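Below is one structure, written out as structure tokens, with a few remarks after it.
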Amino acid sequence: MATYFLRKVLYAIPSLLGISFIIFAILSLAPGDPLAEFGANPEVPAEVRENIKKSLGLDQPWPVRYVKWLGTLSQGEFGFSFAARRPVTDLLSQRLPQTLMVVGVAYIIALLIAIPVGVLSAARPNSAASHIVSLITMVGISLPTFLTGLILILVFSVELGILPMIYDTNIKLDSLDGWGKQIKQSLMPIAVLALFNAGAMTRFVRSAMLENLPADYVRTARAKGLSEWSVIIKHALRNSLIPVVTLIAINLPGVFTGAIITEQIFRVNGIGELLVTSVQKSDTPVVMAIVFIYAVLVVASQLVADVVYGVLDPRIKFA
Amino acid sequence: MSNKRLVSFFSLTAAASMLLAACGQAAPTAAPTAPTAAPAKPTEAAKPAATAVPAQPTAAPKPAGKRGAGDTVRILYWQAPTILNAHLAAGTKDFDAARLILEPLAGIGAEGVPVPALAAEIPTVANGGVSKDLTTVTWKLRKDVKWSDGTPFTADDVVFTYTYCADAATACATASSFAGIKSVEAVDPSTVKVTFATPTTNPYRIFVSTQGYILQKKQFGACIGAKASTDSACQAANNAPIGTGPYKLKDFKSGDTVLYSINDMYRDPDKPFFKEVLFKGGGDATSAARAAFQTGDTDYAWNLQVEWAVLDQLAKTGGKAVLVNTPGANVERIMFQAADISPEAGDKRGEPDTKHPFFQDKKVRQALAMAIDRKTMAEQLYGQTGDPTCELITTDPFISPSKVYGGIRKCEPDIEGAKKLLDEAGWKPGADGIRVKDGKKLKVTFNTSTNTLRQKEQALVKDAWAAIGVDTELKNVSATVFFSTDAANNDTTGKFFNDVQMYTNNYSQPDPTDYLCDFTTAQISAKANAWRGPNNIRYSNPDYDKLCTALRSESDDAKRKDIVLKMNDLLITDAFVVPLISRKRVSAIAKDLKGVKGTPWDSEMWDIADWSK
């Protein structure tokens with residue numbers, strides 16, 4: 001098994017390099033100017049902008065800049081952001097807590113909703129509960145997050161006025177009051193994301209269960225006289241969870257960047273929002289850093305999924 | 001079984017369609033994101049003999065409470081500040097976020113008159129602060145100012161700020177205001193003497209308003225040159241500058257929020273009123289408007305570039321804020337290309353010595369300008385946030401903002417007159433209604449930035465031109481491309497390989513000398529300067545050039561006003577530049593927030609020390 005993973009890691013390195021090269025090429029060749037904000041500002045004439053670009057190293061051809069970026073990367077750094085003039089790692093470490101707090105928690109809640117709901121709707125296939133679940137999951141998947149976000153804002157912030165619509169990152173979590181405020185402002189973005197993710201996951205859990213419930217071993221368990229609860233949870237669910245766990249592992253990197261729209265609507269300073277604004281501002285170092293980290297996480301999560309699958313299913317052997 | 005399935009299928013569809021119908025009215029219109037020209041160039045020539053300025057920092061009434069009597073005031077920008085050293089700013093938001101901490105020697109109020117901040121008084125020729133030959137300015141600094149770390153503010157800090165940005169390797173965004181200076185010296189700890197390389201009619205173009213924040217020499221002393229951005233100590237300083245302003249930095253999350261607390265060393269012991277300021281950035285303008293008007297989640301929402309129909313509705317239905325429109329120098333204008341930009345011109349494409357096939361004919365330009373209905377455009381698309389304008393210069397003392405439409409000249413739409421002019425110019429309507437001359441159709445490409453408001457303006461213009469027989473091809477490119485200096489891209493404002501383009505430009509100090517002189521022959525954008533010249537319409541008029549030279553050396557106020565108006569008139573009658581809308585700065589201010597005095601000549605945060613509730 002060790003050689004299996006070593007091989008996978010070694011194969012991953014050239015693909016990561018290839019990914020970074022392609023992204024860098026696209027970002028450099030695409031039109032766009034990190035100083036376009038000053039575009040129609042006569043106080044910052046074109047010569048001044050060119051001078052600033054020179055100081056940022058943007059007057060060099062992009063292959064040269066790519067090699068320099070690789071050099072910085074090999075020293076474990078990602079360079080510095082054009083807009084903030086500070087190391088990219090600073091920006092990322094500032095945003096990681098918020099990302100985990102909002103997007104991570106939403107992901108966990110989505111799981112906590114999806115598994116019981118999926119199991120329930122698989123165990124009682126034609127009941128009213130099952131149909132309601134199907135309806136809600138379909139709504140959850142089909143309504144885009146900017147729409148659900150806006151609906152929630154209109155209902156809870158504008159009409160009812162009970163939840164704040166702007167996320168305040170300066171709340172100190174050292175008192176009950178602080179925690180109360182944090183929960184209040186996180187409710188809407190987490191709800192939006194959880195609904196979206198839960199929809200897809202519920203259906204997945206449901207179909208995995210539906211595959212397992214008609215199996216012979218389930219019939220045997222029932223014939224042995226075990227309670228329905230035991231049959232479903234201790235026997236069927238355990239086997240159904242194997243593909244679900246691998247799905248979770250593979251989707252995990254999405255937590256890192258996956259809430260772009262929700263973060264923008266609620267003004268949560270997550271990494272997704274940083275990615276979008278950096279692309280818009282042509283802040284190449286930040287985009288490269290985020291994309292590269294995301295690629296590494298994807299590779300890593302594939303490996304983790306393989307491991308977990310192998311551990312959970314004793315039939316799997318690593319060649 | 002099938003009945004049940006039918007029932008569940010229909011109930012699903014019914015519920016889904018009810019949900020979607022309810023969502024129909026919730027769809028937001030995309031907020032226009034045109035980057036308007038914020039402060040424009042600190043040009044030569046303001047009035048050196050300015051009338052006596054008020055002695056106190058602002059004319060606002062004193063706030064009701066004492067220092068720190070208020071809670072937190074919340075400010076919302078839809079672009080987040082990313083750096084707090086304004087000299088390395090990436091946009092207006094950085095200048096504004098820094099203004100709470102850093103201050104210039106003087107700000108400029110709505111009347112266009114400098115207001116002392118760190119200076120004790122405004123130097124003028126009358127009080128001897130400006131030398132009679134207009135080559136030196138001597139600023140007397142306040143003696144009671146301390147930096148927030150307790151050290152005294154002295155002339156050395158002012159001199160240092162000059163040295164910092166005069167070094168090209170520092171790559172200051174404010175570099176142009178520090179150009180053309182021979183020396184800046186500290187005559188004594190509270191006097192600074194600035195010597196210009198040539199006599200200048202605008203002594204306030206350095207150390208004033210957004211381009212002139214003073215940095216602490218002790219903090220930034222080792223940060224001159226490339227180190228300003230790369231050295232880690234300097235990066236830390238850029239993100240936590242020490243200042244003389246009413247607030248000091250408490251916490252900064254780049255690209256998200258800035259949290260400020262009161263600067264105990266601030267020179268006015270009764271100010272500021274608010275204990276803390278929360279400056280939040282991100283999101284879009286429409287939701288910012290919503291937060292101000294409908295939910296009261298913010299006290300100050302900046303630059304609401306939202307379609308008037310939406311903004312009006314939000315302002316009327318939400319009762320928590322007031323829409324404040326500050327008139328200024330921002331003019332949305334259409335520009336006609338003077339050079340030949342057809343691909344057939346090859347290497348000479350867009351070069352200043354070529355002639356545009358039909359825009360060289362003044363009658364054609366005037367006809368196209370005549371056909372546009374500015375009033376309808378302003379009413380429909382801008383509402384209170386913009387007025388129609390026939391003039392390029394829209395501010396006092398040259399033209400009263402109320403007179404830029406229907407004042408000095410009328411520019412009501414005149415379709416028949418436009419048709420007549422085109423007929424006279426030899427353009428006869430063809431079979432399809434499009435005018436033809438010598439076998440060529442009167443067809444134009446019209447480019448602007450991607451922005452729903454601008455696209456609607458384009459549609460109105462296209463209709464107007466269709467009525468007089470001109471075929472318009474509308475184009476738009478993303479704002480980051482449109483306003484970039486990419487020499488390879490044909491659709492940037494500088495390269496302007498199109499027939500017509502439209503955007504907003506302005507002048508940032510009350511005197512528009514540099515702005516007007518940007519249209520001279522010497523400033524033409526061409527291949528030789530990688531299309532970076534500000535005169536992107538390739539306008540060349542020797543009479544205009546002469547007026548610019550005269551303006552740069554004229555110091556008498558009445559004569560200056562005369563020349564400025566002449567230059568404005570020449571540009572308008574030559575019709576290469578067609579002003580459309582005088583755009584105002586639009587912000588939403590909470591109903592209970594007092595003391596906010598807007599000015600087009602300075603940062604929107606310039607008077608935050610005076611705000612109160």
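Chain identifiers are assigned as A, B, and so on, following the order in which chains appear in the structure tokens; residues are numbered from 1 within each chain, and ligands are numbered from 1 in order of appearance.
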*Can you list every residue in range 381-510 of chain B that DSSP puts in strand (DSSP E), as a PyMOL selection string?*
chain B and resi 386-388+428-429+435-437+440-441+443-449+471-477+500-505
With N, CA and C atoms kept, could you save the residues just selected as a compact mmCIF listing (two decimals), in the first residue's frame?
```
# COMPACT_ATOMS: atom_id res chain seq x y z
N GLY B 386 -27.79 62.31 -11.66
CA GLY B 386 -27.06 62.93 -12.76
C GLY B 386 -27.93 63.96 -13.46
N ASP B 387 -27.31 65.02 -13.94
CA ASP B 387 -28.02 66.05 -14.69
C ASP B 387 -27.50 66.07 -16.10
N PRO B 388 -28.37 66.45 -17.06
CA PRO B 388 -27.84 66.61 -18.41
C PRO B 388 -26.88 67.79 -18.43
N LYS B 428 -26.19 61.28 -48.20
CA LYS B 428 -27.60 61.13 -48.57
C LYS B 428 -28.13 59.79 -48.09
N PRO B 429 -29.38 59.76 -47.62
CA PRO B 429 -29.92 58.49 -47.15
C PRO B 429 -30.01 57.47 -48.27
N ARG B 435 -27.22 56.57 -44.30
CA ARG B 435 -26.66 57.55 -45.22
C ARG B 435 -25.42 57.01 -45.92
N VAL B 436 -25.28 57.42 -47.16
CA VAL B 436 -24.18 56.95 -47.99
C VAL B 436 -23.51 58.15 -48.65
N LYS B 437 -22.18 58.05 -48.81
CA LYS B 437 -21.45 59.10 -49.56
C LYS B 437 -20.30 58.41 -50.25
N LYS B 440 -19.65 54.84 -49.55
CA LYS B 440 -19.38 54.35 -48.19
C LYS B 440 -20.57 54.67 -47.29
N LYS B 441 -20.90 53.69 -46.45
CA LYS B 441 -22.03 53.91 -45.54
C LYS B 441 -21.56 54.64 -44.28
N LYS B 443 -21.38 54.29 -41.01
CA LYS B 443 -21.51 53.25 -39.99
C LYS B 443 -20.42 53.47 -38.95
N VAL B 444 -20.80 53.41 -37.69
CA VAL B 444 -19.81 53.64 -36.62
C VAL B 444 -19.81 52.48 -35.64
N THR B 445 -18.63 52.23 -35.05
CA THR B 445 -18.55 51.29 -33.92
C THR B 445 -18.46 52.13 -32.65
N PHE B 446 -19.27 51.73 -31.68
CA PHE B 446 -19.43 52.52 -30.45
C PHE B 446 -19.09 51.61 -29.28
N ASN B 447 -18.00 51.93 -28.58
CA ASN B 447 -17.49 51.05 -27.54
C ASN B 447 -17.58 51.72 -26.17
N THR B 448 -17.86 50.91 -25.16
CA THR B 448 -17.80 51.42 -23.79
C THR B 448 -17.60 50.24 -22.84
N SER B 449 -17.62 50.49 -21.54
CA SER B 449 -17.37 49.40 -20.60
C SER B 449 -18.66 48.63 -20.35
N ASP B 471 -25.77 54.21 -38.92
CA ASP B 471 -25.81 52.84 -38.45
C ASP B 471 -24.77 52.67 -37.34
N THR B 472 -25.21 52.22 -36.18
CA THR B 472 -24.29 52.09 -35.04
C THR B 472 -24.12 50.65 -34.65
N GLU B 473 -22.85 50.22 -34.53
CA GLU B 473 -22.58 48.88 -34.00
C GLU B 473 -22.14 49.07 -32.55
N LEU B 474 -22.91 48.52 -31.63
CA LEU B 474 -22.60 48.71 -30.22
C LEU B 474 -21.64 47.63 -29.73
N LYS B 475 -20.64 48.05 -28.99
CA LYS B 475 -19.70 47.09 -28.41
C LYS B 475 -19.55 47.43 -26.95
N ASN B 476 -19.20 46.44 -26.14
CA ASN B 476 -18.74 46.76 -24.79
C ASN B 476 -17.71 45.75 -24.34
N VAL B 477 -16.77 46.22 -23.55
CA VAL B 477 -15.73 45.34 -23.01
C VAL B 477 -15.69 45.54 -21.50
N VAL B 500 -16.31 55.53 -31.91
CA VAL B 500 -16.91 56.30 -30.82
C VAL B 500 -16.66 55.55 -29.52
N GLN B 501 -16.38 56.27 -28.47
CA GLN B 501 -16.34 55.63 -27.17
C GLN B 501 -16.96 56.55 -26.12
N MET B 502 -17.29 55.96 -24.98
CA MET B 502 -18.00 56.72 -23.96
C MET B 502 -17.50 56.30 -22.58
N TYR B 503 -17.19 57.27 -21.75
CA TYR B 503 -16.89 56.98 -20.36
C TYR B 503 -16.94 58.27 -19.57
N THR B 504 -16.62 58.19 -18.29
CA THR B 504 -16.66 59.37 -17.43
C THR B 504 -15.25 59.81 -17.10
N ASN B 505 -15.04 61.10 -17.15
CA ASN B 505 -13.75 61.64 -16.76
C ASN B 505 -13.99 62.88 -15.92
```
*asked:* Residues of range 198-248 of chain B classed as alpha helix (DSSP H) by DSSP on the backbone are to be reported as a ChimeraX atom specification.
replied: /B:217-220,227-230,232-239
Create the file for the chosen residues now, containing C-alpha atoms and written as a compact mmCIF listing (two decimals), in the first residue's frame.
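Written file, result.txt:
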```
# COMPACT_ATOMS: atom_id res chain seq x y z
CA LYS B 217 9.13 59.72 8.84
CA LYS B 218 9.88 57.57 11.86
CA GLN B 219 7.64 54.78 10.62
CA PHE B 220 8.33 54.87 6.90
CA LYS B 227 11.55 48.30 -0.29
CA ALA B 228 8.27 50.15 0.13
CA SER B 229 6.38 47.08 -1.08
CA THR B 230 8.79 44.20 -0.60
CA SER B 232 8.32 43.02 5.51
CA ALA B 233 8.66 45.87 8.00
CA CYS B 234 7.47 48.27 5.32
CA GLN B 235 4.60 45.99 4.42
CA ALA B 236 3.58 46.01 8.06
CA ALA B 237 3.76 49.81 8.04
CA ASN B 238 1.66 49.96 4.88
CA ASN B 239 -1.04 48.04 6.66
```
Please return, as a PDB file with N, CA and C atoms, in the first residue's frame, all residues of chain A lying within 8 Å of chain B when only C-alpha atoms are considered.
```
ATOM      1  N   PRO A  31      -6.720  39.586 -21.152  1.00  0.00           N
ATOM      2  CA  PRO A  31      -6.656  41.035 -20.977  1.00  0.00           C
ATOM      3  C   PRO A  31      -7.091  41.387 -19.563  1.00  0.00           C
ATOM      4  N   GLY A  32      -6.601  42.490 -19.060  1.00  0.00           N
ATOM      5  CA  GLY A  32      -6.947  42.858 -17.696  1.00  0.00           C
ATOM      6  C   GLY A  32      -5.738  43.508 -17.070  1.00  0.00           C
ATOM      7  N   ASP A  33      -5.969  44.391 -16.153  1.00  0.00           N
ATOM      8  CA  ASP A  33      -4.902  45.246 -15.661  1.00  0.00           C
ATOM      9  C   ASP A  33      -5.121  45.431 -14.168  1.00  0.00           C
ATOM     10  N   PRO A  34      -4.146  45.055 -13.332  1.00  0.00           N
ATOM     11  CA  PRO A  34      -4.376  45.237 -11.902  1.00  0.00           C
ATOM     12  C   PRO A  34      -4.606  46.685 -11.502  1.00  0.00           C
ATOM     13  N   LEU A  35      -4.262  47.618 -12.389  1.00  0.00           N
ATOM     14  CA  LEU A  35      -4.438  49.026 -12.046  1.00  0.00           C
ATOM     15  C   LEU A  35      -5.597  49.655 -12.800  1.00  0.00           C
ATOM     16  N   ALA A  36      -6.488  48.825 -13.321  1.00  0.00           N
ATOM     17  CA  ALA A  36      -7.590  49.370 -14.110  1.00  0.00           C
ATOM     18  C   ALA A  36      -8.503  50.247 -13.269  1.00  0.00           C
ATOM     19  N   GLU A  37      -8.469  50.090 -11.930  1.00  0.00           N
ATOM     20  CA  GLU A  37      -9.279  50.957 -11.061  1.00  0.00           C
ATOM     21  C   GLU A  37      -8.966  52.417 -11.296  1.00  0.00           C
ATOM     22  N   PHE A  38      -7.704  52.682 -11.646  1.00  0.00           N
ATOM     23  CA  PHE A  38      -7.289  54.063 -11.886  1.00  0.00           C
ATOM     24  C   PHE A  38      -7.495  54.463 -13.333  1.00  0.00           C
ATOM     25  N   GLY A  39      -8.155  53.589 -14.085  1.00  0.00           N
ATOM     26  CA  GLY A  39      -8.240  53.780 -15.527  1.00  0.00           C
ATOM     27  C   GLY A  39      -8.729  55.142 -15.943  1.00  0.00           C
ATOM     28  N   ALA A  40      -9.846  55.574 -15.361  1.00  0.00           N
ATOM     29  CA  ALA A  40     -10.370  56.856 -15.795  1.00  0.00           C
ATOM     30  C   ALA A  40     -10.045  57.934 -14.779  1.00  0.00           C
ATOM     31  N   ASN A  41      -9.012  57.732 -13.986  1.00  0.00           N
ATOM     32  CA  ASN A  41      -8.632  58.689 -12.964  1.00  0.00           C
ATOM     33  C   ASN A  41      -7.442  59.490 -13.460  1.00  0.00           C
ATOM     34  N   PRO A  42      -7.650  60.724 -13.878  1.00  0.00           N
ATOM     35  CA  PRO A  42      -6.559  61.488 -14.483  1.00  0.00           C
ATOM     36  C   PRO A  42      -5.438  61.798 -13.498  1.00  0.00           C
ATOM     37  N   GLU A  43      -5.689  61.573 -12.176  1.00  0.00           N
ATOM     38  CA  GLU A  43      -4.622  61.852 -11.226  1.00  0.00           C
ATOM     39  C   GLU A  43      -3.564  60.767 -11.270  1.00  0.00           C
ATOM     40  N   VAL A  44      -3.894  59.642 -11.863  1.00  0.00           N
ATOM     41  CA  VAL A  44      -2.919  58.568 -11.989  1.00  0.00           C
ATOM     42  C   VAL A  44      -2.742  58.301 -13.479  1.00  0.00           C
ATOM     43  N   PRO A  45      -1.935  59.133 -14.145  1.00  0.00           N
ATOM     44  CA  PRO A  45      -1.811  58.983 -15.604  1.00  0.00           C
ATOM     45  C   PRO A  45      -1.093  57.695 -15.973  1.00  0.00           C
ATOM     46  N   ALA A  46      -1.106  57.403 -17.243  1.00  0.00           N
ATOM     47  CA  ALA A  46      -0.601  56.112 -17.713  1.00  0.00           C
ATOM     48  C   ALA A  46       0.855  55.889 -17.342  1.00  0.00           C
ATOM     49  N   GLU A  47       1.674  56.939 -17.325  1.00  0.00           N
ATOM     50  CA  GLU A  47       3.093  56.724 -16.991  1.00  0.00           C
ATOM     51  C   GLU A  47       3.222  56.225 -15.559  1.00  0.00           C
ATOM     52  N   VAL A  48       2.433  56.823 -14.663  1.00  0.00           N
ATOM     53  CA  VAL A  48       2.494  56.408 -13.256  1.00  0.00           C
ATOM     54  C   VAL A  48       2.067  54.944 -13.143  1.00  0.00           C
ATOM     55  N   ARG A  49       1.027  54.576 -13.880  1.00  0.00           N
ATOM     56  CA  ARG A  49       0.560  53.200 -13.826  1.00  0.00           C
ATOM     57  C   ARG A  49       1.618  52.250 -14.369  1.00  0.00           C
ATOM     58  N   ASN A  51       4.776  52.711 -14.281  1.00  0.00           N
ATOM     59  CA  ASN A  51       5.840  52.624 -13.285  1.00  0.00           C
ATOM     60  C   ASN A  51       5.466  51.664 -12.162  1.00  0.00           C
ATOM     61  N   ILE A  52       4.200  51.743 -11.743  1.00  0.00           N
ATOM     62  CA  ILE A  52       3.753  50.832 -10.691  1.00  0.00           C
ATOM     63  C   ILE A  52       3.824  49.386 -11.189  1.00  0.00           C
ATOM     64  N   SER A  55       7.231  48.131 -10.992  1.00  0.00           N
ATOM     65  CA  SER A  55       7.652  47.787  -9.638  1.00  0.00           C
ATOM     66  C   SER A  55       7.052  46.463  -9.203  1.00  0.00           C
ATOM     67  N   ALA A  83      -2.635  44.028  -5.070  1.00  0.00           N
ATOM     68  CA  ALA A  83      -3.542  45.021  -4.494  1.00  0.00           C
ATOM     69  C   ALA A  83      -3.164  45.353  -3.058  1.00  0.00           C
ATOM     70  N   ALA A  84      -2.765  44.348  -2.286  1.00  0.00           N
ATOM     71  CA  ALA A  84      -2.519  44.574  -0.869  1.00  0.00           C
ATOM     72  C   ALA A  84      -1.046  44.773  -0.555  1.00  0.00           C
ATOM     73  N   ARG A  85      -0.155  44.515  -1.505  1.00  0.00           N
ATOM     74  CA  ARG A  85       1.276  44.643  -1.305  1.00  0.00           C
ATOM     75  C   ARG A  85       1.734  43.900  -0.049  1.00  0.00           C
ATOM     76  N   ARG A  86       1.171  42.741   0.160  1.00  0.00           N
ATOM     77  CA  ARG A  86       1.640  41.950   1.292  1.00  0.00           C
ATOM     78  C   ARG A  86       1.599  40.492   0.894  1.00  0.00           C
ATOM     79  N   LEU A  91      -2.906  36.998   3.540  1.00  0.00           N
ATOM     80  CA  LEU A  91      -4.306  37.141   3.166  1.00  0.00           C
ATOM     81  C   LEU A  91      -5.053  35.839   3.378  1.00  0.00           C
ATOM     82  N   GLN A  94      -5.656  35.086   6.998  1.00  0.00           N
ATOM     83  CA  GLN A  94      -6.696  35.949   7.569  1.00  0.00           C
ATOM     84  C   GLN A  94      -8.079  35.420   7.248  1.00  0.00           C
ATOM     85  N   HIS A 131     -41.752  12.013  -0.272  1.00  0.00           N
ATOM     86  CA  HIS A 131     -42.037  12.947  -1.361  1.00  0.00           C
ATOM     87  C   HIS A 131     -41.677  14.373  -0.990  1.00  0.00           C
ATOM     88  N   LEU A 135     -39.031  16.819  -2.843  1.00  0.00           N
ATOM     89  CA  LEU A 135     -39.332  18.181  -3.266  1.00  0.00           C
ATOM     90  C   LEU A 135     -38.280  19.154  -2.759  1.00  0.00           C
ATOM     91  N   VAL A 139     -35.645  21.437  -4.882  1.00  0.00           N
ATOM     92  CA  VAL A 139     -35.572  22.891  -4.742  1.00  0.00           C
ATOM     93  C   VAL A 139     -34.163  23.296  -4.340  1.00  0.00           C
ATOM     94  N   LEU A 147     -29.990  33.294  -5.431  1.00  0.00           N
ATOM     95  CA  LEU A 147     -31.422  33.485  -5.300  1.00  0.00           C
ATOM     96  C   LEU A 147     -31.892  33.183  -3.897  1.00  0.00           C
ATOM     97  N   LEU A 150     -30.709  35.896  -1.593  1.00  0.00           N
ATOM     98  CA  LEU A 150     -31.483  37.119  -1.681  1.00  0.00           C
ATOM     99  C   LEU A 150     -32.850  36.957  -1.027  1.00  0.00           C
ATOM    100  N   ILE A 151     -33.475  35.799  -1.227  1.00  0.00           N
ATOM    101  CA  ILE A 151     -34.782  35.562  -0.598  1.00  0.00           C
ATOM    102  C   ILE A 151     -34.657  35.642   0.917  1.00  0.00           C
ATOM    103  N   SER A 157     -33.994  39.954   6.843  1.00  0.00           N
ATOM    104  CA  SER A 157     -33.360  41.233   7.158  1.00  0.00           C
ATOM    105  C   SER A 157     -34.260  42.409   6.867  1.00  0.00           C
ATOM    106  N   VAL A 158     -34.882  42.379   5.671  1.00  0.00           N
ATOM    107  CA  VAL A 158     -35.651  43.548   5.270  1.00  0.00           C
ATOM    108  C   VAL A 158     -37.029  43.537   5.913  1.00  0.00           C
ATOM    109  N   GLY A 161     -36.449  41.936   9.861  1.00  0.00           N
ATOM    110  CA  GLY A 161     -35.430  42.699  10.569  1.00  0.00           C
ATOM    111  C   GLY A 161     -34.797  41.975  11.743  1.00  0.00           C
ATOM    112  N   PRO A 164     -28.930  40.228  10.728  1.00  0.00           N
ATOM    113  CA  PRO A 164     -28.150  41.229   9.991  1.00  0.00           C
ATOM    114  C   PRO A 164     -27.776  40.715   8.612  1.00  0.00           C
ATOM    115  N   MET A 165     -27.735  41.635   7.626  1.00  0.00           N
ATOM    116  CA  MET A 165     -27.413  41.162   6.291  1.00  0.00           C
ATOM    117  C   MET A 165     -25.952  41.392   5.932  1.00  0.00           C
ATOM    118  N   ILE A 166     -25.213  42.031   6.817  1.00  0.00           N
ATOM    119  CA  ILE A 166     -23.798  42.238   6.542  1.00  0.00           C
ATOM    120  C   ILE A 166     -22.989  41.491   7.585  1.00  0.00           C
ATOM    121  N   THR A 169     -16.857  40.754  10.633  1.00  0.00           N
ATOM    122  CA  THR A 169     -15.774  39.840  11.000  1.00  0.00           C
ATOM    123  C   THR A 169     -15.072  40.264  12.263  1.00  0.00           C
ATOM    124  N   ASN A 170     -15.519  41.322  12.897  1.00  0.00           N
ATOM    125  CA  ASN A 170     -14.807  41.819  14.066  1.00  0.00           C
ATOM    126  C   ASN A 170     -15.475  41.460  15.376  1.00  0.00           C
ATOM    127  N   GLN A 264     -19.981  36.479  -1.480  1.00  0.00           N
ATOM    128  CA  GLN A 264     -20.124  37.833  -1.998  1.00  0.00           C
ATOM    129  C   GLN A 264     -21.434  38.460  -1.565  1.00  0.00           C
ATOM    130  N   ILE A 265     -22.501  37.670  -1.556  1.00  0.00           N
ATOM    131  CA  ILE A 265     -23.802  38.233  -1.193  1.00  0.00           C
ATOM    132  C   ILE A 265     -23.808  38.696   0.255  1.00  0.00           C
ATOM    133  N   PHE A 266     -23.266  37.876   1.137  1.00  0.00           N
ATOM    134  CA  PHE A 266     -23.325  38.207   2.557  1.00  0.00           C
ATOM    135  C   PHE A 266     -22.073  38.933   3.024  1.00  0.00           C
ATOM    136  N   ARG A 267     -21.130  39.169   2.130  1.00  0.00           N
ATOM    137  CA  ARG A 267     -19.900  39.862   2.465  1.00  0.00           C
ATOM    138  C   ARG A 267     -19.109  39.128   3.546  1.00  0.00           C
ATOM    139  N   ASN A 269     -15.787  37.328   4.482  1.00  0.00           N
ATOM    140  CA  ASN A 269     -14.463  37.378   3.871  1.00  0.00           C
ATOM    141  C   ASN A 269     -13.845  35.996   3.835  1.00  0.00           C
ATOM    142  N   LEU A 274     -12.151  36.082  -2.005  1.00  0.00           N
ATOM    143  CA  LEU A 274     -10.819  36.568  -2.369  1.00  0.00           C
ATOM    144  C   LEU A 274     -10.476  36.129  -3.790  1.00  0.00           C
ATOM    145  N   GLN A 280     -10.980  39.371 -10.796  1.00  0.00           N
ATOM    146  CA  GLN A 280     -11.484  40.607 -11.395  1.00  0.00           C
ATOM    147  C   GLN A 280     -10.417  41.691 -11.419  1.00  0.00           C
ATOM    148  N   LYS A 281      -9.579  41.725 -10.400  1.00  0.00           N
ATOM    149  CA  LYS A 281      -8.550  42.761 -10.349  1.00  0.00           C
ATOM    150  C   LYS A 281      -7.256  42.316 -11.031  1.00  0.00           C
TER     151      LYS A 281
END
```
*Counting only C-alpha atoms, what is within 8 Å of Ile260 in chain A, bar same-chain residues fewer than 2 positions away, as a list in words?*
Thr257, Gly258, Thr262, Glu263, Gln264, Ile271, Gly272, Glu273, Leu275 and Val276 of chain A
*Which residues come within 10 Å of Ala186 in chain B, counting only C-alpha atoms, excluding same-chain residues fewer than 6 positions away, as a PyMOL selection string?*
chain B and resi 138-139+154-160+192-194
Include C-alpha atoms and write out the residues we just selected as a short mmCIF file (atom, residue, chain, number, x, y, z; two decimals), in the first residue's frame.
```cif
data_model
loop_
_atom_site.label_atom_id
_atom_site.label_comp_id
_atom_site.auth_asym_id
_atom_site.auth_seq_id
_atom_site.Cartn_x
_atom_site.Cartn_y
_atom_site.Cartn_z
CA THR B 138 5.57 78.15 2.14
CA TRP B 139 3.29 76.14 4.38
CA THR B 154 7.09 68.30 12.26
CA ALA B 155 8.15 69.64 8.89
CA ASP B 156 10.53 66.68 8.56
CA ASP B 157 7.54 64.40 8.06
CA VAL B 158 6.30 66.57 5.22
CA VAL B 159 9.69 66.65 3.55
CA PHE B 160 9.96 62.90 3.99
CA VAL B 192 7.87 73.79 4.87
CA LYS B 193 8.97 75.48 1.66
CA VAL B 194 8.06 73.90 -1.66
#
```
_Pick from B:Leu134, B:Ala166, B:Leu304, B:Ile399 nearest to Leu565 in chain B, counting only C-alpha atoms_ = B:Ile399
*Out of B:Leu118, B:Val113, B:Ile572, B:Ala590, which residue has the shortest atom-to-atom distance to Arg267 in chain B when counting only C-alpha atoms?*
B:Leu118
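The spacing separating CA of Cys390 in chain B from CA of Leu580 in chain B amounts to 6.8 Å.
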*For range 568-570 of chain B, list every protein, DNA or RNA residue within 8 Å, evaluated using only C-alpha atoms, and leave out those in the same chain fewer than 6 positions away; present the list as an NGL selection string.*
:B and (391-393 or 516 or 544)
*Please, what distance in Å, to one decimal, runs between CA of Leu551 in chain B and CA of Ser525 in chain B?*
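Taking CA of Leu551 in chain B and CA of Ser525 in chain B, their separation equals 22.0 Å.
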_If we count only C-alpha atoms and set the cut-off at 12 Å, which residues sit around Asp133 in chain B, ignoring sequence neighbours fewer than 3 positions away in its own chain? Please answer as a list of chain:residue names._
B:Pro48, B:Val125, B:Gly128, B:Gly129, B:Val130, B:Thr136, B:Val137, B:Thr195, B:Phe196, B:Ala197, B:Thr198, B:Pro199, B:Thr200, B:Thr201, B:Pro203, B:Ser553, B:Glu554, B:Ser555
